[in-house]
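The block underneath contains the structure these notes are about, expressed in structure tokens.
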Amino acid sequence: MIGLPESTEFNRRIPKQKFYDNLSVSPKLKRVFTEQIKAIYWRNKIAPTTMNIAAGATVNEIEVFEVCLNVKQFDISVLRQIDKEIPYHIVFLTEYNGKYQAWTAYKEKAMSGGNAFKVTDYYHTDWLSEPELPLKAAGLNTDKVYENFVRQIAGSALQSNNNEPLKKSVERDRLRRQLEKQIAALQVKVRKEKQLNKQVQLNRELKKLKKELEDV
């Protein structure tokens, strides 16, 4: 898929039960898997053994999963559960009625070590045909290929003009979204506030937050 060479093809269907058939998964998440997910396929494996790329320092290999949906609007907790079970970096291609979204999370090794990963922010594209997906396996090693996938999927949210590390871009985007949320909530308070002195105080706070947002 997504123009990857045949050497990367894996094309194995994975039973949905693999991801929810254990005691730690809640009944709600099990229902999400059974009701919202039609099928899961492990389509590609991107690694030095399957492509002409070097091994990265933090990314061993990248998997491409196709998740066929019964519904267009799905619960992303299913992606979190798959990410939790698979100790590799994953690009998800969610499919519904012939259209696709590309999804991926910023995923890094947990401080506890071993095969544990910390999964934070998820990014996704619009619904597109497969050839329209803005994905290209670009980079000389698995670290760079993964970084480029994340930036391609995130689009403008993670664009940077100073070649900053991916982790820094993700942290900056997270801060930007937090500030935008705080600004929106404060703007509502300003509109509802009747007392002039409190309006002045709130507007002062609002101006400060907007300045912080400009500096992100």
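Each chain of the structure tokens is named A, B, ... in the order shown, its residues numbered from 1; ligands are numbered from 1 in display order.
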
Can you build me a table of stretch 89-195 of chain A residues sitting at most 9 Å from stretch 27-51 of chain A, with the closest atom pair per residue and its distance in Å to one decimal, using only C-alpha atoms, sorted by chain and residue number, as a Markdown table?
| residue | atom | partner | partner_atom | distance |
| --- | --- | --- | --- | --- |
| A:Ala137 | CA | A:Ile46 | CA | 8.7 |
| A:Asn141 | CA | A:Pro48 | CA | 7.9 |
| A:Thr142 | CA | A:Ala47 | CA | 6.6 |
| A:Val145 | CA | A:Ile46 | CA | 8.9 |

Using C-alpha atoms, can you export the residues from the last selection as an mmCIF file, in the first residue's frame?
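Result saved to part_39.cif:
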data_model
loop_
_atom_site.group_PDB
_atom_site.id
_atom_site.type_symbol
_atom_site.label_atom_id
_atom_site.label_comp_id
_atom_site.auth_asym_id
_atom_site.auth_seq_id
_atom_site.Cartn_x
_atom_site.Cartn_y
_atom_site.Cartn_z
ATOM 1 C CA ALA A 137 8.608 6.584 2.714
ATOM 2 C CA ASN A 141 17.020 5.341 8.113
ATOM 3 C CA THR A 142 13.958 4.158 10.022
ATOM 4 C CA VAL A 145 11.170 7.587 7.633
#

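Close contacts of A:Tyr88, defined as residues with an atom at most 12 Å away when counting only C-alpha atoms, with chain neighbours fewer than 5 positions off set aside, comprise Lys45, Ile46, Ala47, Thr58, Val59, Asn60, Glu61, Ile62, Glu63, Val64, Phe65, Ile82, Asp83, Thr104, Ala105, Tyr106, Lys107, Glu108, Lys109, Gly114, Asn115, Ala116, Phe117, Lys118, Val119, Thr142, Asp143 and Tyr146 of chain A.
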
Written file, previous selection with C-alpha atoms, as a PDB file, in the first residue's frame:
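Writing the result to part.pdb gives the following:
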ATOM      1  CA  LYS A  45       6.764  -3.878   7.358  1.00  0.00           C
ATOM      2  CA  ILE A  46       9.335  -1.109   6.808  1.00  0.00           C
ATOM      3  CA  ALA A  47      12.760  -2.064   8.125  1.00  0.00           C
ATOM      4  CA  THR A  58      15.048   4.799  18.248  1.00  0.00           C
ATOM      5  CA  VAL A  59      12.796   3.262  15.547  1.00  0.00           C
ATOM      6  CA  ASN A  60      13.472  -0.412  14.802  1.00  0.00           C
ATOM      7  CA  GLU A  61      10.745  -0.870  12.200  1.00  0.00           C
ATOM      8  CA  ILE A  62       7.495   0.690  11.035  1.00  0.00           C
ATOM      9  CA  GLU A  63       4.302  -1.293  10.466  1.00  0.00           C
ATOM     10  CA  VAL A  64       1.451  -0.294   8.156  1.00  0.00           C
ATOM     11  CA  PHE A  65      -1.943  -1.498   9.390  1.00  0.00           C
ATOM     12  CA  ILE A  82      -3.297  -1.781  18.978  1.00  0.00           C
ATOM     13  CA  ASP A  83      -0.369   0.571  19.635  1.00  0.00           C
ATOM     14  CA  THR A 104      -0.304   7.804  13.500  1.00  0.00           C
ATOM     15  CA  ALA A 105       0.701   8.679  17.032  1.00  0.00           C
ATOM     16  CA  TYR A 106       3.857  10.194  18.366  1.00  0.00           C
ATOM     17  CA  LYS A 107       5.226   7.032  19.958  1.00  0.00           C
ATOM     18  CA  GLU A 108       8.464   6.772  21.915  1.00  0.00           C
ATOM     19  CA  LYS A 109      10.144   4.312  24.233  1.00  0.00           C
ATOM     20  CA  GLY A 114      11.874  -3.061  27.548  1.00  0.00           C
ATOM     21  CA  ASN A 115       9.264  -3.145  24.801  1.00  0.00           C
ATOM     22  CA  ALA A 116       7.024  -0.576  26.507  1.00  0.00           C
ATOM     23  CA  PHE A 117       6.069   2.541  24.542  1.00  0.00           C
ATOM     24  CA  LYS A 118       4.532   5.854  25.499  1.00  0.00           C
ATOM     25  CA  VAL A 119       1.802   6.889  23.042  1.00  0.00           C
ATOM     26  CA  THR A 142      13.958   4.158  10.022  1.00  0.00           C
ATOM     27  CA  ASP A 143      14.073   7.142  12.410  1.00  0.00           C
ATOM     28  CA  TYR A 146       9.010   7.516  10.763  1.00  0.00           C
TER      29      TYR A 146
END

Within 10 Å of stretch 164-180 of chain A using only C-alpha atoms, minus same-chain residues under 4 positions, as a list of chain:residue names: A:Tyr106, A:Lys107, A:Glu108, A:Thr120, A:Asp121, A:Lys144, A:Tyr146, A:Glu147, A:Asn148, A:Val150, A:Arg151, A:Ala154, A:Ser156, A:Ala157, A:Leu158, A:Gln159, A:Ser160, A:Ala184, A:Ala185, A:Leu186, A:Leu209, A:Lys210, A:Glu212, A:Leu213, A:Glu214, A:Asp215, A:Val216

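The space separating atom CA of A:Gln182 from atom CA of A:Gln81 comes to 29.4 Å.
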
Closest of A:Leu202, A:Met1, A:Ala110, A:Ala54 to A:Val188 - atom-to-atom distances counting only C-alpha atoms: A:Leu202

Which residues of stretch 97-152 of chain A have any atom within 12 Å of an atom in stretch 4-12 of chain A when counting only C-alpha atoms, and what is the closest pair of atoms for each, with the distance in Å to one decimal? Order the rows by chain and rising number and write it as JSON lines.
{"residue": "A:Pro131", "atom": "CA", "partner": "A:Leu4", "partner_atom": "CA", "distance": 11.7}
{"residue": "A:Leu135", "atom": "CA", "partner": "A:Leu4", "partner_atom": "CA", "distance": 9.8}
{"residue": "A:Lys136", "atom": "CA", "partner": "A:Leu4", "partner_atom": "CA", "distance": 8.1}
{"residue": "A:Ala137", "atom": "CA", "partner": "A:Leu4", "partner_atom": "CA", "distance": 7.3}
{"residue": "A:Ala138", "atom": "CA", "partner": "A:Leu4", "partner_atom": "CA", "distance": 10.6}

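Across the model, the gap from atom CA of A:Ile76 to atom CA of A:Pro15 is 18.1 Å.
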
In chain A, DSSP helix (DSSP H, G or I) residues written as a PyMOL selection string: chain A and resi 6-8+17-20+27-36+77-85+130-132+142-158+166-192+196-215

Output C-alpha atoms of each residue in that selection to a file, as a JSON list (two decimals), in the first residue's frame.
[["chain", "number", "residue", "atom", "x", "y", "z"],
["A", 6, "GLU", "CA", 6.81, -5.37, -2.75],
["A", 7, "SER", "CA", 9.64, -6.35, -0.43],
["A", 8, "THR", "CA", 7.78, -4.66, 2.45],
["A", 17, "GLN", "CA", -9.72, -10.73, 19.34],
["A", 18, "LYS", "CA", -5.94, -10.47, 19.63],
["A", 19, "PHE", "CA", -6.34, -6.88, 20.78],
["A", 20, "TYR", "CA", -9.25, -7.19, 23.20],
["A", 27, "PRO", "CA", -16.26, -4.28, 28.11],
["A", 28, "LYS", "CA", -16.76, -0.89, 26.43],
["A", 29, "LEU", "CA", -13.55, -1.22, 24.41],
["A", 30, "LYS", "CA", -14.48, -4.78, 23.43],
["A", 31, "ARG", "CA", -17.80, -3.47, 22.07],
["A", 32, "VAL", "CA", -15.93, -0.81, 20.08],
["A", 33, "PHE", "CA", -13.78, -3.48, 18.45],
["A", 34, "THR", "CA", -16.70, -5.77, 17.67],
["A", 35, "GLU", "CA", -19.12, -3.06, 16.48],
["A", 36, "GLN", "CA", -16.89, -0.49, 14.77],
["A", 77, "SER", "CA", -9.18, 4.02, 21.66],
["A", 78, "VAL", "CA", -8.95, 1.05, 19.27],
["A", 79, "LEU", "CA", -5.78, 2.54, 17.77],
["A", 80, "ARG", "CA", -4.37, 3.12, 21.24],
["A", 81, "GLN", "CA", -5.04, -0.51, 22.13],
["A", 82, "ILE", "CA", -3.30, -1.78, 18.98],
["A", 83, "ASP", "CA", -0.37, 0.57, 19.63],
["A", 84, "LYS", "CA", -0.22, -0.78, 23.17],
["A", 85, "GLU", "CA", -0.08, -4.40, 21.98],
["A", 130, "GLU", "CA", -5.49, 5.71, -1.30],
["A", 131, "PRO", "CA", -3.43, 7.35, -4.10],
["A", 132, "GLU", "CA", -4.26, 10.79, -2.67],
["A", 142, "THR", "CA", 13.96, 4.16, 10.02],
["A", 143, "ASP", "CA", 14.07, 7.14, 12.41],
["A", 144, "LYS", "CA", 13.79, 9.60, 9.53],
["A", 145, "VAL", "CA", 11.17, 7.59, 7.63],
["A", 146, "TYR", "CA", 9.01, 7.52, 10.76],
["A", 147, "GLU", "CA", 9.51, 11.24, 11.40],
["A", 148, "ASN", "CA", 8.53, 12.06, 7.83],
["A", 149, "PHE", "CA", 5.40, 9.90, 8.07],
["A", 150, "VAL", "CA", 4.32, 11.73, 11.24],
["A", 151, "ARG", "CA", 4.94, 15.15, 9.69],
["A", 152, "GLN", "CA", 3.21, 14.18, 6.43],
["A", 153, "ILE", "CA", 0.12, 12.97, 8.29],
["A", 154, "ALA", "CA", 0.04, 15.92, 10.70],
["A", 155, "GLY", "CA", 0.44, 18.47, 7.89],
["A", 156, "SER", "CA", 0.70, 22.09, 8.99],
["A", 157, "ALA", "CA", 0.41, 21.18, 12.69],
["A", 158, "LEU", "CA", 4.02, 19.96, 12.80],
["A", 166, "LEU", "CA", 10.11, 15.78, 15.98],
["A", 167, "LYS", "CA", 9.58, 15.58, 19.75],
["A", 168, "LYS", "CA", 10.01, 19.35, 20.00],
["A", 169, "SER", "CA", 7.50, 19.91, 17.18],
["A", 170, "VAL", "CA", 4.96, 17.67, 18.93],
["A", 171, "GLU", "CA", 5.45, 19.48, 22.25],
["A", 172, "ARG", "CA", 5.07, 22.85, 20.54],
["A", 173, "ASP", "CA", 1.87, 21.74, 18.81],
["A", 174, "ARG", "CA", 0.48, 20.41, 22.09],
["A", 175, "LEU", "CA", 1.21, 23.75, 23.80],
["A", 176, "ARG", "CA", -0.41, 25.63, 20.91],
["A", 177, "ARG", "CA", -3.60, 23.57, 21.19],
["A", 178, "GLN", "CA", -3.69, 24.04, 24.97],
["A", 179, "LEU", "CA", -3.37, 27.82, 24.58],
["A", 180, "GLU", "CA", -6.07, 27.90, 21.88],
["A", 181, "LYS", "CA", -8.40, 25.99, 24.21],
["A", 182, "GLN", "CA", -7.67, 28.38, 27.10],
["A", 183, "ILE", "CA", -8.20, 31.42, 24.87],
["A", 184, "ALA", "CA", -11.55, 30.11, 23.62],
["A", 185, "ALA", "CA", -12.74, 29.47, 27.19],
["A", 186, "LEU", "CA", -11.58, 32.91, 28.33],
["A", 187, "GLN", "CA", -13.33, 34.62, 25.43],
["A", 188, "VAL", "CA", -16.59, 33.01, 26.54],
["A", 189, "LYS", "CA", -16.02, 34.32, 30.07],
["A", 190, "VAL", "CA", -15.40, 37.84, 28.75],
["A", 191, "ARG", "CA", -18.66, 37.82, 26.79],
["A", 192, "LYS", "CA", -20.63, 36.63, 29.81],
["A", 196, "LEU", "CA", -16.43, 46.17, 33.91],
["A", 197, "ASN", "CA", -13.48, 45.69, 36.28],
["A", 198, "LYS", "CA", -13.62, 41.92, 35.86],
["A", 199, "GLN", "CA", -13.90, 42.34, 32.08],
["A", 200, "VAL", "CA", -10.71, 44.40, 32.14],
["A", 201, "GLN", "CA", -8.91, 41.73, 34.18],
["A", 202, "LEU", "CA", -10.08, 38.93, 31.89],
["A", 203, "ASN", "CA", -9.07, 40.88, 28.79],
["A", 204, "ARG", "CA", -5.64, 41.40, 30.30],
["A", 205, "GLU", "CA", -5.30, 37.63, 30.79],
["A", 206, "LEU", "CA", -6.61, 37.07, 27.27],
["A", 207, "LYS", "CA", -4.02, 39.40, 25.78],
["A", 208, "LYS", "CA", -1.27, 37.58, 27.66],
["A", 209, "LEU", "CA", -2.40, 34.18, 26.36],
["A", 210, "LYS", "CA", -2.62, 35.47, 22.79],
["A", 211, "LYS", "CA", 0.93, 36.77, 23.07],
["A", 212, "GLU", "CA", 2.09, 33.37, 24.32],
["A", 213, "LEU", "CA", 0.36, 31.76, 21.35],
["A", 214, "GLU", "CA", 2.14, 34.09, 18.92],
["A", 215, "ASP", "CA", 5.47, 33.08, 20.44]]
